[in-house]
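J.: For reference, the structure I am asking about is given below.
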Amino acid sequence: MKTNEHVIEVTDLRRVYGGEFEAVRGVTFDVGRGELFALLGTNGAGKTSTVELLEGLAPPAGGQVRVLGHDPYTERAAVRPRIGVMLQEGGFPSELTVAETVRMWAGCTSGARPEGEALTLVGLARRAGVRVKQLSGGEKRRLDLALALLGRPEVLFLDEPTTGLDAEGRQETWELVRELRAAGTTVLLTTHYLEEAEGLADRLAILHAGRIAVSGTPAEVTASQPSRISFELPEGFFPGDLPPLPELGVTGHEIEGRMIRLRTNELQRATTGLLVWAERTGVELRRLDVRSGSLEEAFLRIAREVSATDSGTAAENSEKESVA
Amino acid sequence: MSTGTVAETSAAGRTTVTRAGRMVSLARAEMTLLGRSKGTLFTAAFIPLVLPISVSSAFDESELKEVGLTAGEVMLPAAFGFSLLFAVYTALTATYVARREELVLKRLRTGELRDEEILVGAALPAVFLGLAQCVLLAIGCTVLLDVGMPEAPHLAVVGLLLGIVLCAAAGAVTASFSKTSESAQVTSLPFMFVSLLGSGVSVPLELMPDRLASICELLPLSPMITLLRGGWSGSLSAYDALGTVALAVAWTALAVFAVRRWFRWEPRR
């Protein structure tokens with residue numbers, strides 16, 4: 001974060017569809033200037049519903065949004081020239097060529113880059129004369145990105161920018177987003193690729209069922225997750241033969257057949273204790289797997305836990321787990 | 001993939017696009033699309049020029065003379081009516097629905113274009129096509145059918161402009177109630193039929209029973225036909241003309257209200 005200025009401020013945001021389904025249930029976060037903020041979540045977690053409110057496509061059912069100090073819905077004219085938007089599913093007339101699409105969009109965008117520059121940025125310059133309907137899914141995403149970047153926006157909203165891209169295209173988009181961020185662009189990104197959030201984001205929030213379950217820097221979110229050790233119990237041994245687990249810093253365990261899974265916040269101490277025991281006892285721990293807490297871990301656990309609890313306790317959980 | 005100029009977000013030297021500039025840009029793209037959609041182009045450009053001829057042969061000259069109309073005075077408004085219904089109304093209904101289905105409208109709404117600019121900009125090519133046809137038809141009828149110059153050209157111009165605006169707005173209203181491109185072909189039929197049969201496009205109101213005619217005079221497209229006919233014949237009093245214009249404006253206002261209230265920018269989930 002370069003300054004303390006909040007470019008995006010979201011307070012207790014709610015969105016309701018058709019008067020009944022509450023897709024966003026009280027989301028609060030803010031994004032500082034120059035920061036890259038990622039919204040993570042499973043399909044249906046409320047990512048797109050949230051981002052659309054920030055883009056000013058619909059009014060919220062409750063709560064408040066401020067983008068660059070303005071309400072993006074009611075003060076559209078003040079906000080739009082300064083933001084760039086890439087929707088999850090962009091729409092372009094299929095019979096226009098790539099160049100014609102960019103030209104049309106440029107005519108509607110303040111301070112638009114030259115058409116060629118925009119296409120070069122996303123690696124589509126050679127496809128300028130091709131009709132949109134002939135583009136691959138990945139190329140359409142890049143065209144969408146080119147349009148989002150056309151007006152050199154201060155704030156960029158990217159809704160699943162790399163979905164449908166191959167590995168190389170994904171890397172290229174990441175590189176471009178990093179450059180934009182380095183040049184001072186504030187970016188709000190949604191994704192369901194954990195590595196994308198981990199690799200790009202300054203801060204992130206994991207949405208689940210319309211609420212923020214966890215938020216913080218990738219390191220904070222990862223650190224809040226327990227590490228895991230799993231192994232196969234050696235032949236002729238029982239779980240009771242293991243050293244006393246709490247003394248090793250193990251906070252929980254599961255037994256499934258002969259597989260033992262341990263959770264700990266002190267990975268080194270627990271692992272050492274276990275290995276020393278194995279050495280002394282003279283057994284080999286087959287299928288031994290030791291791993292630190294990861295974003296994936298956090299993500300999967302939230303998906304499991306929050307869906308298991310009712311909505312009331314989910315809200316409490318989200319407050320406890322928030323490390324930001 | 002990227003170059004050094006990746007993100008000069010400086011506000012210095014930014015050119016601001018104007019309302020008109022945005023709409024022209026959108027209109028230009030729509031014009032390109034219209035040129036590439038052979039089916040729409042055929043319906044919009046060819047049918048209105050051919051249909052009036054088929055109508056003209058249906059009228060009995062002597063019957064018209066009894067109610068004080070010439071073939072030209074019937075033909076010309078009929079031709080204009082066809083033109084606006086096919087080139088503007090149905091073409092625009094189809095365009096709005098197609099752009100919504102392709103999520104183009106939703107994408108456009110994320111940019112600097114305002115809602116009304118999107119609708120107007122997208123309508124411009126069809127509107128110009130309709131206008132161009134009417135001018136062509138007017139010249140054609142004047143030369144070929146010996147219609148003569150309009151006696152009150154201002155009424156004809158006002159009628160034509162009001163008719164075009166109303167047809168464009170009606171196209172957006174119909175698109176509001178059409179889920180898909182296929183259903184738009186059905187949802188646009190009522191307005192087509194009512195206008196063709198009831199507004200004096202294919203049957204002059206003068207040939208109808210009085211009571212029916214007085215109801216039909218209130219239909220959306222009737223004021224346009226009345227003004228056009230009055231423009232050529234010069235027989236419309238200032239009082240009647242004003243009332244007719246007021247009716248056309250009322251219908252247009254209603255259509256604009258309906259669009260604001262019910263127009264859908266995204267396909268139904």
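Order determines the names: the first chain of the structure tokens is A, the second B, and so forth; residues in each chain are numbered 1 upward, and ligands are numbered 1 upward as they are shown.
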Tell me, counting only C-alpha atoms, for each residue of chain A within 7 Å of chain B, which pair of atoms is nearest and how far apart they are in Å to one decimal, in rows ordered by chain and increasing number, as a tab-separated table.
T.:
residue	atom	partner	partner_atom	distance
A:Glu55	CA	B:Thr110	CA	6.9
A:Leu57	CA	B:Thr110	CA	6.8
A:Ala77	CA	B:Glu112	CA	6.8
A:Arg80	CA	B:Glu112	CA	5.4
A:Pro81	CA	B:Glu112	CA	6.1
A:Val85	CA	B:Thr110	CA	6.4
A:Gly90	CA	B:Arg107	CA	6.0
A:Gly91	CA	B:Val104	CA	4.2
A:Phe92	CA	B:Val104	CA	5.2
A:Pro93	CA	B:Val104	CA	6.5
A:Glu95	CA	B:Leu33	CA	6.5
A:Leu96	CA	B:Leu33	CA	6.8
A:Met104	CA	B:Ser25	CA	5.3
A:Gly107	CA	B:Ser25	CA	5.2
A:Cys108	CA	B:Arg22	CA	4.5
A:Thr109	CA	B:Val17	CA	6.2
A:Ser110	CA	B:Thr16	CA	4.4
A:Gly111	CA	B:Arg14	CA	4.4
A:Thr120	CA	B:Ser2	CA	6.5
A:Leu121	CA	B:Ser2	CA	4.3
A:Val122	CA	B:Met1	CA	5.7
A:Gly123	CA	B:Met1	CA	4.8
A:Arg152	CA	B:Thr9	CA	5.1
A:Pro153	CA	B:Thr9	CA	6.1
A:Glu154	CA	B:Thr9	CA	5.9
A:Glu172	CA	B:Met1	CA	6.7
A:Leu176	CA	B:Ser2	CA	6.5
A:Glu179	CA	B:Val6	CA	6.9
A:Leu180	CA	B:Ala7	CA	5.5
A:Ala183	CA	B:Ala7	CA	5.8
J.: Would you mind exporting C-alpha atoms of the selected residues as an mmCIF file, in the first residue's frame?
T.:
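Output file out-v4.cif follows:
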data_model
loop_
_atom_site.group_PDB
_atom_site.id
_atom_site.type_symbol
_atom_site.label_atom_id
_atom_site.label_comp_id
_atom_site.auth_asym_id
_atom_site.auth_seq_id
_atom_site.Cartn_x
_atom_site.Cartn_y
_atom_site.Cartn_z
ATOM 1 C CA GLU A 55 -18.544 -1.733 -10.662
ATOM 2 C CA LEU A 57 -23.896 -2.308 -12.345
ATOM 3 C CA ALA A 77 -20.220 9.512 -14.459
ATOM 4 C CA ARG A 80 -16.442 5.223 -14.804
ATOM 5 C CA PRO A 81 -13.778 7.274 -16.603
ATOM 6 C CA VAL A 85 -13.789 -3.424 -15.850
ATOM 7 C CA GLY A 90 -17.663 -10.302 -21.478
ATOM 8 C CA GLY A 91 -20.006 -9.609 -24.337
ATOM 9 C CA PHE A 92 -18.879 -8.502 -27.757
ATOM 10 C CA PRO A 93 -20.809 -8.566 -30.998
ATOM 11 C CA GLU A 95 -19.513 -10.253 -36.156
ATOM 12 C CA LEU A 96 -17.149 -7.377 -35.367
ATOM 13 C CA MET A 104 -15.797 1.164 -30.825
ATOM 14 C CA GLY A 107 -14.696 5.971 -28.916
ATOM 15 C CA CYS A 108 -16.552 5.531 -25.648
ATOM 16 C CA THR A 109 -13.525 5.791 -23.343
ATOM 17 C CA SER A 110 -11.852 8.938 -22.019
ATOM 18 C CA GLY A 111 -8.112 9.051 -22.626
ATOM 19 C CA THR A 120 -0.111 -5.333 -28.129
ATOM 20 C CA LEU A 121 -0.453 -5.195 -24.333
ATOM 21 C CA VAL A 122 -2.506 -8.369 -24.301
ATOM 22 C CA GLY A 123 -0.739 -10.056 -27.201
ATOM 23 C CA ARG A 152 -5.414 3.614 -18.415
ATOM 24 C CA PRO A 153 -7.649 3.106 -15.369
ATOM 25 C CA GLU A 154 -6.667 3.983 -11.819
ATOM 26 C CA GLU A 172 1.322 -13.670 -19.353
ATOM 27 C CA LEU A 176 0.761 -7.907 -17.057
ATOM 28 C CA GLU A 179 3.308 -4.587 -14.159
ATOM 29 C CA LEU A 180 0.074 -2.656 -13.781
ATOM 30 C CA ALA A 183 2.903 1.186 -12.007
#
J.: Just list the residues in region 35-232 of chain A DSSP gives strand (DSSP E or B) on the backbone, as an MDAnalysis selection string.
T.: chainID A and resid 36:41 62:67 70 83:86 97 131 155:159 186:191 203:208 211:216 227:232
J.: Within 6 Å of Arg211 (chain A), counting only C-alpha atoms, which residues qualify if same-chain residues fewer than 4 places away don't, as a PyMOL selection string?
T.: chain A and resi 25+27+207
J.: Contacts of Leu129 (chain B) at 7 Å or less, counting only C-alpha atoms, minus same-chain residues fewer than 4 places along, as a VMD selection string?
T.: chain B and resid 87 125 133
J.: Running DSSP on the backbone, which parts of region 37-238 of chain B land in helix (DSSP H, G or I), as a PyMOL selection string?
T.: chain B and resi 38-56+61-66+71-101+104-108+115-144+153-176+181-187+189-198+205-207+210-216+222-233+238
J.: Produce a file of the selected residues containing C-alpha atoms, as a short mmCIF file (atom, residue, chain, number, x, y, z; two decimals), in the first residue's frame.
T.:
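Wrote again_37.cif, looks like this:
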data_model
loop_
_atom_site.label_atom_id
_atom_site.label_comp_id
_atom_site.auth_asym_id
_atom_site.auth_seq_id
_atom_site.Cartn_x
_atom_site.Cartn_y
_atom_site.Cartn_z
CA LYS B 38 -27.76 -10.06 -44.51
CA GLY B 39 -31.11 -11.21 -43.18
CA THR B 40 -31.76 -8.09 -41.14
CA LEU B 41 -30.54 -5.91 -43.98
CA PHE B 42 -32.91 -7.60 -46.40
CA THR B 43 -35.90 -7.21 -44.09
CA ALA B 44 -35.01 -3.65 -43.22
CA ALA B 45 -34.06 -2.35 -46.65
CA PHE B 46 -35.90 -4.40 -49.24
CA ILE B 47 -39.34 -5.25 -47.86
CA PRO B 48 -40.41 -1.66 -47.13
CA LEU B 49 -39.58 -0.70 -50.69
CA VAL B 50 -41.50 -3.58 -52.25
CA LEU B 51 -44.53 -4.05 -50.00
CA PRO B 52 -46.22 -0.71 -50.73
CA ILE B 53 -46.50 -1.67 -54.38
CA SER B 54 -48.47 -4.77 -53.43
CA VAL B 55 -50.76 -2.64 -51.28
CA SER B 56 -51.36 -0.07 -53.99
CA GLU B 61 -59.38 4.01 -57.17
CA SER B 62 -63.10 4.83 -57.38
CA GLU B 63 -63.69 3.80 -53.78
CA LEU B 64 -60.88 6.12 -52.68
CA LYS B 65 -62.26 8.97 -54.74
CA GLU B 66 -65.56 8.66 -52.87
CA ALA B 71 -53.87 6.77 -54.71
CA GLY B 72 -50.74 8.72 -53.91
CA GLU B 73 -52.10 10.00 -50.62
CA VAL B 74 -52.77 6.42 -49.58
CA MET B 75 -49.63 4.92 -51.01
CA LEU B 76 -47.13 7.29 -49.51
CA PRO B 77 -48.13 7.01 -45.83
CA ALA B 78 -48.45 3.25 -46.35
CA ALA B 79 -44.91 3.14 -47.70
CA PHE B 80 -43.61 5.23 -44.80
CA GLY B 81 -45.47 3.00 -42.36
CA PHE B 82 -43.91 -0.15 -43.80
CA SER B 83 -40.51 1.44 -43.73
CA LEU B 84 -40.71 2.45 -40.09
CA LEU B 85 -42.20 -0.85 -39.00
CA PHE B 86 -39.64 -3.02 -40.77
CA ALA B 87 -36.51 -0.88 -40.94
CA VAL B 88 -36.86 0.69 -37.51
CA TYR B 89 -39.27 -1.20 -35.27
CA THR B 90 -38.58 -4.90 -35.97
CA ALA B 91 -34.92 -4.31 -36.79
CA LEU B 92 -34.34 -2.55 -33.48
CA THR B 93 -36.28 -5.08 -31.45
CA ALA B 94 -34.04 -7.77 -32.92
CA THR B 95 -30.90 -5.72 -32.33
CA TYR B 96 -31.62 -4.96 -28.69
CA VAL B 97 -32.50 -8.57 -27.92
CA ALA B 98 -29.45 -9.92 -29.75
CA ARG B 99 -27.08 -7.53 -27.97
CA ARG B 100 -28.61 -8.46 -24.64
CA GLU B 101 -28.26 -12.18 -25.38
CA VAL B 104 -23.00 -6.82 -25.14
CA LEU B 105 -25.42 -4.50 -23.32
CA LYS B 106 -24.10 -5.61 -19.95
CA ARG B 107 -20.52 -5.07 -21.07
CA LEU B 108 -21.33 -1.63 -22.50
CA ASP B 115 -28.03 3.74 -20.40
CA GLU B 116 -29.91 6.06 -22.72
CA GLU B 117 -26.78 6.56 -24.83
CA ILE B 118 -26.52 2.82 -25.37
CA LEU B 119 -30.13 2.58 -26.54
CA VAL B 120 -29.95 5.66 -28.72
CA GLY B 121 -26.52 4.90 -30.16
CA ALA B 122 -27.55 1.37 -31.10
CA ALA B 123 -30.72 2.74 -32.70
CA LEU B 124 -29.05 5.34 -34.92
CA PRO B 125 -28.23 3.12 -37.93
CA ALA B 126 -31.79 1.77 -38.10
CA VAL B 127 -33.17 5.27 -37.69
CA PHE B 128 -31.03 6.59 -40.54
CA LEU B 129 -31.94 3.64 -42.71
CA GLY B 130 -35.63 4.35 -42.04
CA LEU B 131 -35.19 8.06 -42.77
CA ALA B 132 -33.27 7.38 -45.98
CA GLN B 133 -35.98 5.00 -47.16
CA CYS B 134 -38.70 7.53 -46.46
CA VAL B 135 -36.87 10.18 -48.43
CA LEU B 136 -36.37 7.72 -51.30
CA LEU B 137 -40.02 6.69 -51.14
CA ALA B 138 -41.18 10.29 -51.09
CA ILE B 139 -39.11 11.09 -54.17
CA GLY B 140 -40.19 7.86 -55.86
CA CYS B 141 -43.87 8.40 -55.20
CA THR B 142 -43.68 12.02 -56.26
CA VAL B 143 -42.04 11.13 -59.55
CA LEU B 144 -43.77 7.86 -60.37
CA PRO B 153 -44.26 19.95 -45.53
CA HIS B 154 -43.72 20.84 -41.87
CA LEU B 155 -46.51 18.46 -40.87
CA ALA B 156 -44.98 15.68 -42.96
CA VAL B 157 -41.57 16.22 -41.39
CA VAL B 158 -42.98 16.33 -37.85
CA GLY B 159 -45.03 13.22 -38.55
CA LEU B 160 -42.05 11.35 -39.91
CA LEU B 161 -39.75 12.29 -37.03
CA LEU B 162 -42.35 11.46 -34.39
CA GLY B 163 -43.04 8.17 -36.13
CA ILE B 164 -39.38 7.22 -36.15
CA VAL B 165 -38.86 8.08 -32.50
CA LEU B 166 -41.98 6.18 -31.53
CA CYS B 167 -41.00 3.11 -33.56
CA ALA B 168 -37.52 3.11 -32.04
CA ALA B 169 -38.93 3.42 -28.52
CA ALA B 170 -41.50 0.72 -29.28
CA GLY B 171 -38.66 -1.53 -30.42
CA ALA B 172 -36.99 -1.11 -27.04
CA VAL B 173 -40.29 -1.77 -25.25
CA THR B 174 -40.83 -4.95 -27.23
CA ALA B 175 -37.26 -6.02 -26.51
CA SER B 176 -38.02 -5.56 -22.81
CA SER B 181 -34.18 -13.56 -30.40
CA GLU B 182 -36.66 -16.25 -31.37
CA SER B 183 -39.38 -14.97 -29.09
CA ALA B 184 -38.77 -11.42 -30.36
CA GLN B 185 -40.12 -12.52 -33.72
CA VAL B 186 -43.42 -13.30 -32.00
CA THR B 187 -43.54 -10.45 -29.50
CA LEU B 189 -46.17 -9.17 -34.15
CA PRO B 190 -48.94 -7.44 -32.15
CA PHE B 191 -47.55 -3.95 -32.70
CA MET B 192 -46.91 -4.80 -36.36
CA PHE B 193 -50.44 -6.04 -36.99
CA VAL B 194 -52.18 -3.36 -35.00
CA SER B 195 -50.22 -0.69 -36.82
CA LEU B 196 -50.57 -2.22 -40.27
CA LEU B 197 -54.31 -2.82 -39.98
CA GLY B 198 -55.47 -0.17 -37.54
CA LEU B 205 -59.07 4.99 -41.79
CA GLU B 206 -61.46 6.77 -44.13
CA LEU B 207 -62.55 3.41 -45.48
CA ASP B 210 -66.82 5.71 -38.25
CA ARG B 211 -66.84 4.21 -34.77
CA LEU B 212 -63.96 1.83 -35.58
CA ALA B 213 -62.06 4.64 -37.25
CA SER B 214 -62.33 6.90 -34.20
CA ILE B 215 -60.85 4.16 -32.03
CA CYS B 216 -58.12 3.42 -34.57
CA SER B 222 -52.05 6.62 -36.33
CA PRO B 223 -50.86 10.16 -35.57
CA MET B 224 -47.86 9.67 -37.82
CA ILE B 225 -50.01 8.55 -40.75
CA THR B 226 -52.51 11.37 -40.13
CA LEU B 227 -49.74 13.96 -40.08
CA LEU B 228 -48.10 12.56 -43.20
CA ARG B 229 -51.34 12.50 -45.12
CA GLY B 230 -52.24 15.95 -43.85
CA GLY B 231 -48.79 17.12 -44.86
CA TRP B 232 -49.38 16.13 -48.46
CA SER B 233 -53.03 17.09 -48.72
CA ALA B 238 -53.85 23.58 -37.08
#
J.: In Å, with one decimal, what is the gap from CA of Ser227 (chain A) to CA of His192 (chain A)?
T.: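 Value for the CA of Ser227 (chain A)-CA of His192 (chain A) distance: 22.0 Å.
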J.: Gly164 (chain A): which residues within 10 Å, counting only C-alpha atoms, same-chain residues fewer than 6 positions away excluded, as number ranges by chain?
T.: A: 136-141, 170
J.: May I have the selected residues written with C-alpha atoms, as a compact mmCIF listing (two decimals), in the first residue's frame?
T.:
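Output file again11.txt is given in full below:
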# COMPACT_ATOMS: atom_id res chain seq x y z
CA SER A 136 -10.68 -18.87 -28.79
CA GLY A 137 -12.03 -18.55 -25.26
CA GLY A 138 -8.64 -17.38 -24.05
CA GLU A 139 -8.35 -14.79 -26.80
CA LYS A 140 -11.76 -13.41 -25.89
CA ARG A 141 -10.58 -13.01 -22.30
CA ARG A 170 -2.26 -17.30 -17.52
